[in-house]
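Dropping my_file.cif in here (mmCIF, C-alpha atoms):
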data_final
#
loop_
_atom_site.group_PDB
_atom_site.id
_atom_site.type_symbol
_atom_site.label_atom_id
_atom_site.label_comp_id
_atom_site.auth_asym_id
_atom_site.auth_seq_id
_atom_site.Cartn_x
_atom_site.Cartn_y
_atom_site.Cartn_z
ATOM 1 C CA MET A 1 -2.382 -12.849 -4.900
ATOM 2 C CA ASN A 2 -4.510 -10.664 -2.652
ATOM 3 C CA PHE A 3 -6.856 -8.198 -4.286
ATOM 4 C CA GLU A 4 -8.541 -5.152 -2.810
ATOM 5 C CA VAL A 5 -12.008 -3.924 -3.764
ATOM 6 C CA GLY A 6 -11.657 -1.775 -6.865
ATOM 7 C CA ASP A 7 -8.442 -3.387 -8.172
ATOM 8 C CA ASN A 8 -8.372 -3.819 -11.956
ATOM 9 C CA VAL A 9 -7.717 -7.415 -12.933
ATOM 10 C CA LYS A 10 -7.253 -9.417 -16.128
ATOM 11 C CA ILE A 11 -8.913 -12.833 -16.356
ATOM 12 C CA THR A 12 -7.842 -15.695 -18.648
ATOM 13 C CA GLY A 13 -8.219 -19.479 -18.743
ATOM 14 C CA GLY A 14 -10.934 -21.100 -16.668
ATOM 15 C CA PRO A 15 -13.394 -23.978 -16.996
ATOM 16 C CA TYR A 16 -13.988 -25.714 -20.323
ATOM 17 C CA TYR A 17 -15.949 -28.573 -21.821
ATOM 18 C CA LEU A 18 -14.159 -31.220 -23.856
ATOM 19 C CA ALA A 19 -16.535 -32.285 -26.651
ATOM 20 C CA LYS A 20 -16.606 -35.824 -28.050
ATOM 21 C CA SER A 21 -14.998 -34.398 -31.205
ATOM 22 C CA GLY A 22 -12.007 -33.347 -29.085
ATOM 23 C CA ASN A 23 -12.827 -29.634 -29.323
ATOM 24 C CA LYS A 24 -12.202 -27.629 -26.180
ATOM 25 C CA ILE A 25 -15.180 -25.301 -25.529
ATOM 26 C CA PRO A 26 -14.337 -22.426 -23.138
ATOM 27 C CA MET A 27 -16.904 -21.971 -20.354
ATOM 28 C CA GLY A 28 -15.145 -19.311 -18.278
ATOM 29 C CA GLU A 29 -14.869 -15.561 -18.181
ATOM 30 C CA LYS A 30 -12.156 -13.503 -19.857
ATOM 31 C CA GLY A 31 -11.199 -9.863 -20.099
ATOM 32 C CA VAL A 32 -10.427 -6.960 -17.782
ATOM 33 C CA GLY A 33 -12.682 -6.074 -14.884
ATOM 34 C CA THR A 34 -12.864 -4.707 -11.348
ATOM 35 C CA PHE A 35 -12.454 -6.896 -8.259
ATOM 36 C CA VAL A 36 -15.597 -6.934 -6.088
ATOM 37 C CA ARG A 37 -15.063 -9.701 -3.508
ATOM 38 C CA ALA A 38 -13.748 -13.215 -2.881
ATOM 39 C CA GLU A 39 -15.437 -16.324 -1.499
ATOM 40 C CA GLU A 40 -14.299 -17.034 2.064
ATOM 41 C CA ASP A 41 -13.127 -20.539 1.096
ATOM 42 C CA GLY A 42 -10.864 -19.077 -1.624
ATOM 43 C CA THR A 43 -12.447 -20.962 -4.537
ATOM 44 C CA ALA A 44 -13.941 -17.994 -6.405
ATOM 45 C CA LEU A 45 -13.753 -14.281 -7.030
ATOM 46 C CA TYR A 46 -16.475 -11.898 -8.125
ATOM 47 C CA ILE A 47 -15.328 -9.513 -10.848
ATOM 48 C CA LYS A 48 -17.350 -6.723 -12.457
ATOM 49 C CA ILE A 49 -16.989 -6.850 -16.254
ATOM 50 C CA ALA A 50 -19.018 -4.600 -18.590
ATOM 51 C CA GLY A 51 -21.402 -3.631 -15.797
ATOM 52 C CA MET A 52 -22.155 -7.196 -14.634
ATOM 53 C CA VAL A 53 -20.636 -9.041 -11.676
ATOM 54 C CA ARG A 54 -19.240 -12.393 -12.836
ATOM 55 C CA TYR A 55 -18.308 -15.532 -10.897
ATOM 56 C CA VAL A 56 -14.662 -16.427 -11.561
ATOM 57 C CA TYR A 57 -13.563 -19.905 -10.448
ATOM 58 C CA ILE A 58 -10.039 -20.145 -8.973
ATOM 59 C CA GLY A 59 -10.262 -23.404 -6.987
ATOM 60 C CA PRO A 60 -8.597 -26.751 -7.672
ATOM 61 C CA GLU A 61 -9.104 -28.430 -11.046
ATOM 62 C CA HIS A 62 -11.766 -31.139 -11.121
ATOM 63 C CA THR A 63 -14.542 -32.446 -13.371
ATOM 64 C CA SER A 64 -18.059 -31.304 -12.470
ATOM 65 C CA ASP A 65 -21.166 -33.523 -12.510
ATOM 66 C CA THR A 66 -22.038 -32.081 -15.946
ATOM 67 C CA GLY A 67 -18.632 -32.988 -17.428
ATOM 68 C CA THR A 68 -17.211 -29.469 -17.383
ATOM 69 C CA ILE A 69 -13.520 -29.459 -16.498
ATOM 70 C CA MET A 70 -13.326 -26.901 -13.709
ATOM 71 C CA SER A 71 -9.887 -25.522 -14.455
ATOM 72 C CA PRO A 72 -9.093 -22.397 -12.434
ATOM 73 C CA HIS A 73 -9.024 -18.994 -14.101
ATOM 74 C CA LYS A 74 -5.767 -17.051 -14.069
ATOM 75 C CA VAL A 75 -6.307 -13.619 -12.507
ATOM 76 C CA VAL A 76 -3.646 -10.897 -12.387
ATOM 77 C CA LYS A 77 -3.730 -7.272 -11.281
ATOM 78 C CA VAL A 78 -3.328 -4.767 -14.143
ATOM 79 C CA LYS A 79 -3.102 -1.028 -14.630
ATOM 80 C CA VAL A 80 -5.809 0.424 -16.863
ATOM 81 C CA LYS A 81 -4.890 3.345 -19.104
ATOM 82 C CA ALA A 82 -6.914 6.507 -18.489
ATOM 83 C CA LYS A 83 -9.226 7.481 -21.342
#
Show me this structure written as structure tokens.
Amino acid sequence: MNFEVGDNVKITGGPYYLAKSGNKIPMGEKGVGTFVRAEEDGTALYIKIAGMVRYVYIGPEHTSDTGTIMSPHKVVKVKVKAK
């Protein structure tokens, strides 16, 4: 999906660490924010959430050097209700 600067988006999923105990520890971002920009190679978006710009991974799934499973976030455009 193509986003334009200022679009409201909802973020779910994303990278996680699988502990030796079998517990899945989320390492990604989640929530609703505002689209800022995308990486040219299409592997990440920058989303402003609660006043901070966050890196949101959307590339192919792989395991990083630190053992984090780099699963892509799911990002969808949403309408935000006026306050």
The PyMOL selection byres ((chain A and resi 17) around 9) applied to the shown file, residues as a list in words:
Pro15, Tyr16, Leu18, Ala19, Asn23, Lys24, Ile25, Pro26, Met27, Gly67, Thr68, Ile69 and Met70 of chain A
Select, from A:Lys74, A:Lys48, A:Arg37, A:Lys81, the residue with the minimum atom-to-atom distance to Val5 (chain A), counting only C-alpha atoms.
A:Arg37
Report the residues retrieved by the PyMOL selection byres ((chain A and resi 42) around 12) from the displayed file, expressed as a PDB file with C-alpha atoms, in the coordinates of the input.
ATOM      1  CA  MET A   1      -2.382 -12.849  -4.900  1.00  0.00           C
ATOM      2  CA  ASN A   2      -4.510 -10.664  -2.652  1.00  0.00           C
ATOM      3  CA  PHE A   3      -6.856  -8.198  -4.286  1.00  0.00           C
ATOM      4  CA  ARG A  37     -15.063  -9.701  -3.508  1.00  0.00           C
ATOM      5  CA  ALA A  38     -13.748 -13.215  -2.881  1.00  0.00           C
ATOM      6  CA  GLU A  39     -15.437 -16.324  -1.499  1.00  0.00           C
ATOM      7  CA  GLU A  40     -14.299 -17.034   2.064  1.00  0.00           C
ATOM      8  CA  ASP A  41     -13.127 -20.539   1.096  1.00  0.00           C
ATOM      9  CA  THR A  43     -12.447 -20.962  -4.537  1.00  0.00           C
ATOM     10  CA  ALA A  44     -13.941 -17.994  -6.405  1.00  0.00           C
ATOM     11  CA  LEU A  45     -13.753 -14.281  -7.030  1.00  0.00           C
ATOM     12  CA  TYR A  46     -16.475 -11.898  -8.125  1.00  0.00           C
ATOM     13  CA  VAL A  56     -14.662 -16.427 -11.561  1.00  0.00           C
ATOM     14  CA  TYR A  57     -13.563 -19.905 -10.448  1.00  0.00           C
ATOM     15  CA  ILE A  58     -10.039 -20.145  -8.973  1.00  0.00           C
ATOM     16  CA  GLY A  59     -10.262 -23.404  -6.987  1.00  0.00           C
ATOM     17  CA  PRO A  60      -8.597 -26.751  -7.672  1.00  0.00           C
ATOM     18  CA  PRO A  72      -9.093 -22.397 -12.434  1.00  0.00           C
TER      19      PRO A  72
END
Applied to this file, what does the PyMOL selection byres ((chain A and resi 6) around 12) return in terms of residues, put as a PyMOL selection string?
chain A and resi 3-5+7-9+33-37+46-49+77-80
Selected residues written out with C-alpha atoms, as a PDB file, keeping the file's coordinate frame:
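In the end it all went to result-v6.pdb:
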ATOM      1  CA  PHE A   3      -6.856  -8.198  -4.286  1.00  0.00           C
ATOM      2  CA  GLU A   4      -8.541  -5.152  -2.810  1.00  0.00           C
ATOM      3  CA  VAL A   5     -12.008  -3.924  -3.764  1.00  0.00           C
ATOM      4  CA  ASP A   7      -8.442  -3.387  -8.172  1.00  0.00           C
ATOM      5  CA  ASN A   8      -8.372  -3.819 -11.956  1.00  0.00           C
ATOM      6  CA  VAL A   9      -7.717  -7.415 -12.933  1.00  0.00           C
ATOM      7  CA  GLY A  33     -12.682  -6.074 -14.884  1.00  0.00           C
ATOM      8  CA  THR A  34     -12.864  -4.707 -11.348  1.00  0.00           C
ATOM      9  CA  PHE A  35     -12.454  -6.896  -8.259  1.00  0.00           C
ATOM     10  CA  VAL A  36     -15.597  -6.934  -6.088  1.00  0.00           C
ATOM     11  CA  ARG A  37     -15.063  -9.701  -3.508  1.00  0.00           C
ATOM     12  CA  TYR A  46     -16.475 -11.898  -8.125  1.00  0.00           C
ATOM     13  CA  ILE A  47     -15.328  -9.513 -10.848  1.00  0.00           C
ATOM     14  CA  LYS A  48     -17.350  -6.723 -12.457  1.00  0.00           C
ATOM     15  CA  ILE A  49     -16.989  -6.850 -16.254  1.00  0.00           C
ATOM     16  CA  LYS A  77      -3.730  -7.272 -11.281  1.00  0.00           C
ATOM     17  CA  VAL A  78      -3.328  -4.767 -14.143  1.00  0.00           C
ATOM     18  CA  LYS A  79      -3.102  -1.028 -14.630  1.00  0.00           C
ATOM     19  CA  VAL A  80      -5.809   0.424 -16.863  1.00  0.00           C
TER      20      VAL A  80
END
One decimal place gives the CA of Thr66 (chain A)-CA of Gly13 (chain A) separation as 18.9 Å
Rounded to one decimal in Å, what is the spacing between CA of Asp65 (chain A) and CA of Lys10 (chain A)?
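CA of Asp65 (chain A) sits 28.1 Å away from CA of Lys10 (chain A).
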Go through A:Glu61, A:Gly51, A:Ser21, A:Lys30 and flag the residue nearest Val75 (chain A), using only C-alpha atoms for the distances.
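Closest to Val75 (chain A) of all the choices is A:Lys30.
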